[in-house]
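**Q** Here you go, one structure.
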Amino acid sequence: TGKGKASAPVKIHWVGYTKASDEWVGGDRIKSKNLKFKTPESKGPGGMPPAARRLLLVKPKVEAPLDPGFRPVILGKRAYLEATKECTEKLEWALTRSDGCARYSLPVFDEKHKDVKASSYLAGVLIQEMIWQRSADELMLSGPKKICEAIKTAYSKGGAYEFEVMSMPNVCGHPDKAFVVTIVEKSEDLPASKDTPQVCGKDASGCRLAFDLGKSDIKTVAVKDNEVLYSKETEWDVTNPDPQYHYDAIMDAMKLAKAALPRVDAIGGSATGTISADNEATWCDIFPNVPPD
């Protein structure tokens, strides 16, 4: 535990991961039948302000049995948009990437309004969602000054979204270029929205191999003309620091699947990570203890 971390006093270490993945969490992240606690309405940089709790934590009609306290973002967003329907000010942002730009506009409370922190909090959540949908090397903001400054602070090192700030350079394929947050005077200064649709193949005929790299096992499948001929889950030690171990484990599992086919026309795979617009693997966290080089 940490005395200087009132909003997140408990340090969690994930077994099999390095210290770089350790994180400080609050009581709301710890689940146990033996614990009884009250969640304070934190006003700290990583907490949820009272205004946001009041407007955004909307209880669903059907309670989630495994997480009774779950409050869907979409319900909170609907309640927020209803509360701000008469507001005239907007926060607009652009998330730029090498092959495009994502844009969004959110009505916000006046900076002197008692619920203005709900605006900056929801904006932070929506930006986070868009970042992981589309990636970004820069966040550009336009709108009320205090709200923009609050978002910029959240998306900086030491802020509520430090993980996104530190991850995006790797995701975008340029780890030496820091994630940037810029505030512009007018929305017209933001770049236009731009998407680059990717055409996916639709022909699944022939002999195909597929693999999925999971935290506990390697899943392999051999398919011939849409018929599954082979399927297996092979356990492995994802925490092993030796890259050769992982390479051999994956290749051995693939060769076993290959033996079920007369030939191999295509190979497809999936893992926890990101692919660039040029179809290059830019970042992967499936091997937590393998050195970056």
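Letters for chains follow the order of the structure tokens (A, B, ...), residue numbers begin at 1 for each chain, and ligand numbers begin at 1 in the order shown.
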Name all residues at most 8 Å from Ile183 of chain A (count only C-alpha atoms; drop same-chain ones fewer than 3 positions away) and give them as a ChimeraX atom specification.

**A** /A:140-142,148

**Q** Print the selection's residues with all heavy atoms to a file, as a JSON list (two decimals), in the first residue's frame.

**A**
```json
[["chain", "number", "residue", "atom", "x", "y", "z"],
["A", 140, "MET", "N", -5.96, 16.71, -30.66],
["A", 140, "MET", "CA", -6.15, 18.14, -30.83],
["A", 140, "MET", "C", -7.52, 18.52, -30.28],
["A", 140, "MET", "O", -8.52, 17.86, -30.56],
["A", 140, "MET", "CB", -6.03, 18.53, -32.31],
["A", 140, "MET", "CG", -4.70, 18.16, -32.93],
["A", 140, "MET", "SD", -4.59, 18.59, -34.69],
["A", 140, "MET", "CE", -4.54, 20.40, -34.59],
["A", 141, "LEU", "N", -7.56, 19.59, -29.48],
["A", 141, "LEU", "CA", -8.78, 20.00, -28.79],
["A", 141, "LEU", "C", -9.18, 21.42, -29.16],
["A", 141, "LEU", "O", -8.33, 22.29, -29.37],
["A", 141, "LEU", "CB", -8.56, 19.94, -27.27],
["A", 141, "LEU", "CG", -8.16, 18.59, -26.68],
["A", 141, "LEU", "CD1", -7.61, 18.78, -25.28],
["A", 141, "LEU", "CD2", -9.35, 17.64, -26.66],
["A", 142, "SER", "N", -10.50, 21.65, -29.18],
["A", 142, "SER", "CA", -11.03, 22.99, -29.39],
["A", 142, "SER", "C", -12.30, 23.13, -28.56],
["A", 142, "SER", "O", -13.19, 22.28, -28.62],
["A", 142, "SER", "CB", -11.36, 23.21, -30.88],
["A", 142, "SER", "OG", -12.01, 24.46, -31.06],
["A", 148, "CYS", "N", -10.65, 22.11, -21.95],
["A", 148, "CYS", "CA", -9.51, 21.67, -22.77],
["A", 148, "CYS", "C", -8.28, 21.42, -21.91],
["A", 148, "CYS", "O", -7.56, 20.42, -22.10],
["A", 148, "CYS", "CB", -9.21, 22.71, -23.84],
["A", 148, "CYS", "SG", -10.42, 22.79, -25.18]]
```

**Q** I'd like the contact shell of segment 75-77 of chain A - 6 Å cut-off, only C-alpha atoms, skipping same-chain residues fewer than 6 positions apart - returned as a list in words.

**A**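 Residues meeting the cut-off are Leu56, Leu57 and Val58 of chain A.
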
**Q** Determine the nearest neighbour of Gly214 of chain A from the options A:Pro60, A:Pro49, A:Gly273, A:Gly201, counting only C-alpha atoms.

**A**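 Closest to Gly214 of chain A, using only C-alpha atoms: A:Gly273.
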
**Q** Any chance you could tabulate, as JSON lines, the residues of segment 119-185 of chain A at most 10 Å from segment 93-109 of chain A with each one's nearest atom pair and distance in Å to one decimal, using only C-alpha atoms, in chain and rising number order?

**A**
```
{"residue": "A:Ser119", "atom": "CA", "partner": "A:Val108", "partner_atom": "CA", "distance": 5.4}
{"residue": "A:Ser120", "atom": "CA", "partner": "A:Val108", "partner_atom": "CA", "distance": 8.1}
{"residue": "A:Leu122", "atom": "CA", "partner": "A:Leu106", "partner_atom": "CA", "distance": 9.2}
{"residue": "A:Ala123", "atom": "CA", "partner": "A:Leu106", "partner_atom": "CA", "distance": 7.4}
{"residue": "A:Leu126", "atom": "CA", "partner": "A:Tyr104", "partner_atom": "CA", "distance": 9.1}
{"residue": "A:Ile127", "atom": "CA", "partner": "A:Leu95", "partner_atom": "CA", "distance": 8.4}
{"residue": "A:Met130", "atom": "CA", "partner": "A:Ala102", "partner_atom": "CA", "distance": 7.7}
{"residue": "A:Ile131", "atom": "CA", "partner": "A:Leu95", "partner_atom": "CA", "distance": 7.3}
{"residue": "A:Gln133", "atom": "CA", "partner": "A:Ala102", "partner_atom": "CA", "distance": 9.8}
{"residue": "A:Arg134", "atom": "CA", "partner": "A:Ala102", "partner_atom": "CA", "distance": 7.5}
{"residue": "A:Ser135", "atom": "CA", "partner": "A:Arg97", "partner_atom": "CA", "distance": 6.7}
{"residue": "A:Ala136", "atom": "CA", "partner": "A:Arg97", "partner_atom": "CA", "distance": 4.8}
{"residue": "A:Asp137", "atom": "CA", "partner": "A:Arg97", "partner_atom": "CA", "distance": 5.6}
{"residue": "A:Glu138", "atom": "CA", "partner": "A:Thr96", "partner_atom": "CA", "distance": 5.5}
{"residue": "A:Leu139", "atom": "CA", "partner": "A:Leu95", "partner_atom": "CA", "distance": 4.9}
{"residue": "A:Met140", "atom": "CA", "partner": "A:Ala94", "partner_atom": "CA", "distance": 5.1}
{"residue": "A:Leu141", "atom": "CA", "partner": "A:Trp93", "partner_atom": "CA", "distance": 4.5}
{"residue": "A:Ser142", "atom": "CA", "partner": "A:Trp93", "partner_atom": "CA", "distance": 6.2}
{"residue": "A:Gly143", "atom": "CA", "partner": "A:Trp93", "partner_atom": "CA", "distance": 8.6}
{"residue": "A:Pro144", "atom": "CA", "partner": "A:Val108", "partner_atom": "CA", "distance": 8.6}
{"residue": "A:Ile147", "atom": "CA", "partner": "A:Val108", "partner_atom": "CA", "distance": 8.7}
{"residue": "A:Cys148", "atom": "CA", "partner": "A:Trp93", "partner_atom": "CA", "distance": 9.5}
{"residue": "A:Cys172", "atom": "CA", "partner": "A:Arg97", "partner_atom": "CA", "distance": 7.6}
{"residue": "A:Gly173", "atom": "CA", "partner": "A:Ser98", "partner_atom": "CA", "distance": 9.9}
{"residue": "A:Val181", "atom": "CA", "partner": "A:Leu95", "partner_atom": "CA", "distance": 9.5}
{"residue": "A:Thr182", "atom": "CA", "partner": "A:Trp93", "partner_atom": "CA", "distance": 9.7}
{"residue": "A:Ile183", "atom": "CA", "partner": "A:Trp93", "partner_atom": "CA", "distance": 9.1}
{"residue": "A:Val184", "atom": "CA", "partner": "A:Trp93", "partner_atom": "CA", "distance": 9.6}
```

**Q** Considering only C-alpha atoms, return as a list in words whatever protein or nucleic-acid residues lie within 8 Å of Phe70 of chain A, sequence-local ones (same chain, fewer than 4 positions apart) excluded.

**A** Lys59, Glu63 and Ala64 of chain A

**Q** Keeping only all heavy atoms, write the selected residues to a file as a compact mmCIF listing (two decimals), in the first residue's frame.

**A**
```txt
# COMPACT_ATOMS: atom_id res chain seq x y z
N LYS A 59 -28.19 3.12 -13.82
CA LYS A 59 -28.41 1.69 -13.60
C LYS A 59 -29.21 1.09 -14.74
O LYS A 59 -30.27 1.61 -15.11
CB LYS A 59 -29.14 1.46 -12.27
CG LYS A 59 -29.29 0.00 -11.89
CD LYS A 59 -29.95 -0.14 -10.53
CE LYS A 59 -30.08 -1.61 -10.13
NZ LYS A 59 -30.70 -1.76 -8.78
N GLU A 63 -29.88 -6.01 -14.55
CA GLU A 63 -28.64 -5.96 -13.79
C GLU A 63 -27.68 -7.06 -14.24
O GLU A 63 -28.10 -8.20 -14.49
CB GLU A 63 -28.94 -6.10 -12.30
CG GLU A 63 -27.77 -5.86 -11.39
CD GLU A 63 -28.15 -5.93 -9.93
OE1 GLU A 63 -28.19 -7.06 -9.39
OE2 GLU A 63 -28.44 -4.87 -9.33
N ALA A 64 -26.40 -6.72 -14.37
CA ALA A 64 -25.39 -7.71 -14.74
C ALA A 64 -25.14 -8.63 -13.55
O ALA A 64 -24.66 -8.17 -12.51
CB ALA A 64 -24.10 -7.01 -15.15
```

**Q** Using the chain letters and numbers from this document, which residues of segment 42-130 of chain A does DSSP assign to strand (DSSP E or B), as an MDAnalysis selection string?

**A** chainID A and resid 90:97 100:107

**Q** Which polymer residues have any atom within 12 Å of an atom of Leu213 of chain A, counting only C-alpha atoms, with same-chain residues fewer than 3 positions away left out, as a ChimeraX atom specification?

**A** /A:210,216-220,233-238,246-247,249-251,253-254,268-273,284-287

**Q** Go through A:Val125, A:Pro175, A:Leu55, A:Glu92 one by one, measure the shortest atom-to-atom distance of each to Asp189 of chain A using only C-alpha atoms, and give the residue with the smallest value.

**A**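 Among A:Val125, A:Pro175, A:Leu55, A:Glu92, it is A:Glu92 that comes nearest to Asp189 of chain A.
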
**Q** Pick out the residues sitting within 10 Å of Asn170 of chain A, and hand them over as JSON, numbers by chain; count only C-alpha atoms, and ignore anything fewer than 3 positions along from it in its own chain.

**A** {"A": [137, 165, 166, 167, 173, 174, 175, 176, 177, 178, 179, 274, 282, 283, 284]}

**Q** For the residues selected in the previous step, produce a file with all heavy atoms as an mmCIF file, in the first residue's frame.

**A**
```
data_model
loop_
_atom_site.group_PDB
_atom_site.id
_atom_site.type_symbol
_atom_site.label_atom_id
_atom_site.label_comp_id
_atom_site.auth_asym_id
_atom_site.auth_seq_id
_atom_site.Cartn_x
_atom_site.Cartn_y
_atom_site.Cartn_z
ATOM 1 N N ASP A 137 -1.628 9.512 -32.884
ATOM 2 C CA ASP A 137 -0.321 10.014 -32.462
ATOM 3 C C ASP A 137 -0.424 11.424 -31.893
ATOM 4 O O ASP A 137 0.538 11.960 -31.361
ATOM 5 C CB ASP A 137 0.700 9.982 -33.604
ATOM 6 C CG ASP A 137 0.157 10.599 -34.883
ATOM 7 O OD1 ASP A 137 -0.696 11.507 -34.797
ATOM 8 O OD2 ASP A 137 0.578 10.172 -35.960
ATOM 9 N N VAL A 165 -1.309 7.417 -23.230
ATOM 10 C CA VAL A 165 -0.259 8.343 -23.655
ATOM 11 C C VAL A 165 1.058 7.606 -23.897
ATOM 12 O O VAL A 165 1.766 7.870 -24.879
ATOM 13 C CB VAL A 165 -0.056 9.453 -22.598
ATOM 14 C CG1 VAL A 165 1.186 10.283 -22.901
ATOM 15 C CG2 VAL A 165 -1.287 10.344 -22.532
ATOM 16 N N MET A 166 1.384 6.649 -23.020
ATOM 17 C CA MET A 166 2.647 5.925 -23.142
ATOM 18 C C MET A 166 2.561 4.792 -24.166
ATOM 19 O O MET A 166 3.585 4.376 -24.720
ATOM 20 C CB MET A 166 3.052 5.361 -21.779
ATOM 21 C CG MET A 166 3.166 6.409 -20.679
ATOM 22 S SD MET A 166 4.277 7.782 -21.086
ATOM 23 C CE MET A 166 5.857 6.950 -21.044
ATOM 24 N N SER A 167 1.349 4.290 -24.428
ATOM 25 C CA SER A 167 1.189 3.153 -25.341
ATOM 26 C C SER A 167 1.104 3.570 -26.805
ATOM 27 O O SER A 167 1.591 2.853 -27.695
ATOM 28 C CB SER A 167 -0.072 2.355 -24.980
ATOM 29 O OG SER A 167 0.030 1.787 -23.696
ATOM 30 N N GLY A 173 3.741 2.751 -34.173
ATOM 31 C CA GLY A 173 4.963 2.328 -34.853
ATOM 32 C C GLY A 173 6.112 3.295 -34.789
ATOM 33 O O GLY A 173 7.103 3.149 -35.513
ATOM 34 N N HIS A 174 6.026 4.328 -33.921
ATOM 35 C CA HIS A 174 7.160 5.249 -33.750
ATOM 36 C C HIS A 174 7.374 5.491 -32.249
ATOM 37 O O HIS A 174 7.013 6.552 -31.728
ATOM 38 C CB HIS A 174 6.941 6.554 -34.503
ATOM 39 C CG HIS A 174 5.570 7.131 -34.369
ATOM 40 N ND1 HIS A 174 5.072 7.651 -33.187
ATOM 41 C CD2 HIS A 174 4.571 7.255 -35.266
ATOM 42 C CE1 HIS A 174 3.853 8.087 -33.366
ATOM 43 N NE2 HIS A 174 3.519 7.855 -34.616
ATOM 44 N N PRO A 175 7.956 4.522 -31.548
ATOM 45 C CA PRO A 175 8.128 4.607 -30.093
ATOM 46 C C PRO A 175 8.954 5.794 -29.610
ATOM 47 O O PRO A 175 8.860 6.175 -28.440
ATOM 48 C CB PRO A 175 8.815 3.280 -29.740
ATOM 49 C CG PRO A 175 9.430 2.804 -31.013
ATOM 50 C CD PRO A 175 8.520 3.273 -32.092
ATOM 51 N N ASP A 176 9.741 6.399 -30.500
ATOM 52 C CA ASP A 176 10.581 7.532 -30.094
ATOM 53 C C ASP A 176 9.851 8.874 -30.198
ATOM 54 O O ASP A 176 10.382 9.906 -29.770
ATOM 55 C CB ASP A 176 11.850 7.583 -30.957
ATOM 56 C CG ASP A 176 12.721 6.350 -30.765
ATOM 57 O OD1 ASP A 176 12.696 5.785 -29.651
ATOM 58 O OD2 ASP A 176 13.395 5.935 -31.727
ATOM 59 N N LYS A 177 8.643 8.866 -30.753
ATOM 60 C CA LYS A 177 7.875 10.101 -30.914
ATOM 61 C C LYS A 177 6.752 10.131 -29.886
ATOM 62 O O LYS A 177 5.840 9.315 -29.909
ATOM 63 C CB LYS A 177 7.292 10.185 -32.325
ATOM 64 C CG LYS A 177 6.494 11.452 -32.590
ATOM 65 C CD LYS A 177 5.907 11.435 -33.991
ATOM 66 C CE LYS A 177 5.032 12.658 -34.250
ATOM 67 N NZ LYS A 177 4.407 12.636 -35.596
ATOM 68 N N ALA A 178 6.811 11.078 -28.964
ATOM 69 C CA ALA A 178 5.839 11.154 -27.867
ATOM 70 C C ALA A 178 4.445 11.532 -28.361
ATOM 71 O O ALA A 178 4.286 12.235 -29.360
ATOM 72 C CB ALA A 178 6.308 12.167 -26.826
ATOM 73 N N PHE A 179 3.437 11.049 -27.645
ATOM 74 C CA PHE A 179 2.049 11.431 -27.905
ATOM 75 C C PHE A 179 1.874 12.908 -27.539
ATOM 76 O O PHE A 179 2.343 13.357 -26.496
ATOM 77 C CB PHE A 179 1.117 10.570 -27.059
ATOM 78 C CG PHE A 179 -0.350 10.825 -27.289
ATOM 79 C CD1 PHE A 179 -1.004 10.267 -28.372
ATOM 80 C CD2 PHE A 179 -1.068 11.622 -26.406
ATOM 81 C CE1 PHE A 179 -2.362 10.489 -28.576
ATOM 82 C CE2 PHE A 179 -2.423 11.862 -26.600
ATOM 83 C CZ PHE A 179 -3.069 11.295 -27.696
ATOM 84 N N THR A 274 -1.336 -4.629 -32.097
ATOM 85 C CA THR A 274 -1.860 -3.708 -33.097
ATOM 86 C C THR A 274 -1.130 -3.874 -34.426
ATOM 87 O O THR A 274 0.035 -4.260 -34.474
ATOM 88 C CB THR A 274 -1.704 -2.247 -32.636
ATOM 89 O OG1 THR A 274 -0.331 -2.009 -32.275
ATOM 90 C CG2 THR A 274 -2.583 -1.971 -31.431
ATOM 91 N N THR A 282 2.998 -3.527 -35.070
ATOM 92 C CA THR A 282 3.700 -2.418 -34.403
ATOM 93 C C THR A 282 3.874 -2.620 -32.908
ATOM 94 O O THR A 282 4.780 -2.053 -32.308
ATOM 95 C CB THR A 282 2.937 -1.102 -34.627
ATOM 96 O OG1 THR A 282 1.576 -1.258 -34.164
ATOM 97 C CG2 THR A 282 2.918 -0.733 -36.108
ATOM 98 N N TRP A 283 3.001 -3.404 -32.301
ATOM 99 C CA TRP A 283 3.052 -3.539 -30.836
ATOM 100 C C TRP A 283 2.322 -4.799 -30.412
ATOM 101 O O TRP A 283 1.305 -5.166 -30.996
ATOM 102 C CB TRP A 283 2.408 -2.313 -30.189
ATOM 103 C CG TRP A 283 2.279 -2.366 -28.698
ATOM 104 C CD1 TRP A 283 3.290 -2.289 -27.779
ATOM 105 C CD2 TRP A 283 1.073 -2.494 -27.931
ATOM 106 N NE1 TRP A 283 2.781 -2.353 -26.504
ATOM 107 C CE2 TRP A 283 1.425 -2.475 -26.565
ATOM 108 C CE3 TRP A 283 -0.273 -2.610 -28.274
ATOM 109 C CZ2 TRP A 283 0.476 -2.576 -25.547
ATOM 110 C CZ3 TRP A 283 -1.224 -2.710 -27.267
ATOM 111 C CH2 TRP A 283 -0.830 -2.690 -25.920
ATOM 112 N N CYS A 284 2.857 -5.485 -29.410
ATOM 113 C CA CYS A 284 2.232 -6.703 -28.906
ATOM 114 C C CYS A 284 2.608 -6.873 -27.440
ATOM 115 O O CYS A 284 3.755 -6.653 -27.063
ATOM 116 C CB CYS A 284 2.708 -7.910 -29.713
ATOM 117 S SG CYS A 284 2.053 -9.488 -29.130
#
```

**Q** At a cut-off of 9 Å, using only C-alpha atoms, what residues contact Leu261 of chain A? Leave out same-chain residues fewer than 6 positions from it and give the result as a list of chain:residue names.

**A** A:Cys207, A:Arg208, A:Leu209, A:Ala222, A:Val223, A:Lys224, A:Leu229, A:Tyr230

**Q** I'd like to know which residues of segment 63-225 of chain A are helix (DSSP H, G or I) (by DSSP, run on the backbone); could you write them as a PyMOL selection string?

**A** chain A and resi 73-83+116-134+145-154+162-171+187-189

**Q** Rounded to one decimal in Å, what is the spacing between atom CA of Glu149 of chain A and atom CA of Lys11 of chain A?

**A**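 If I compute the distance from atom CA of Glu149 of chain A to atom CA of Lys11 of chain A, I get 28.7 Å.
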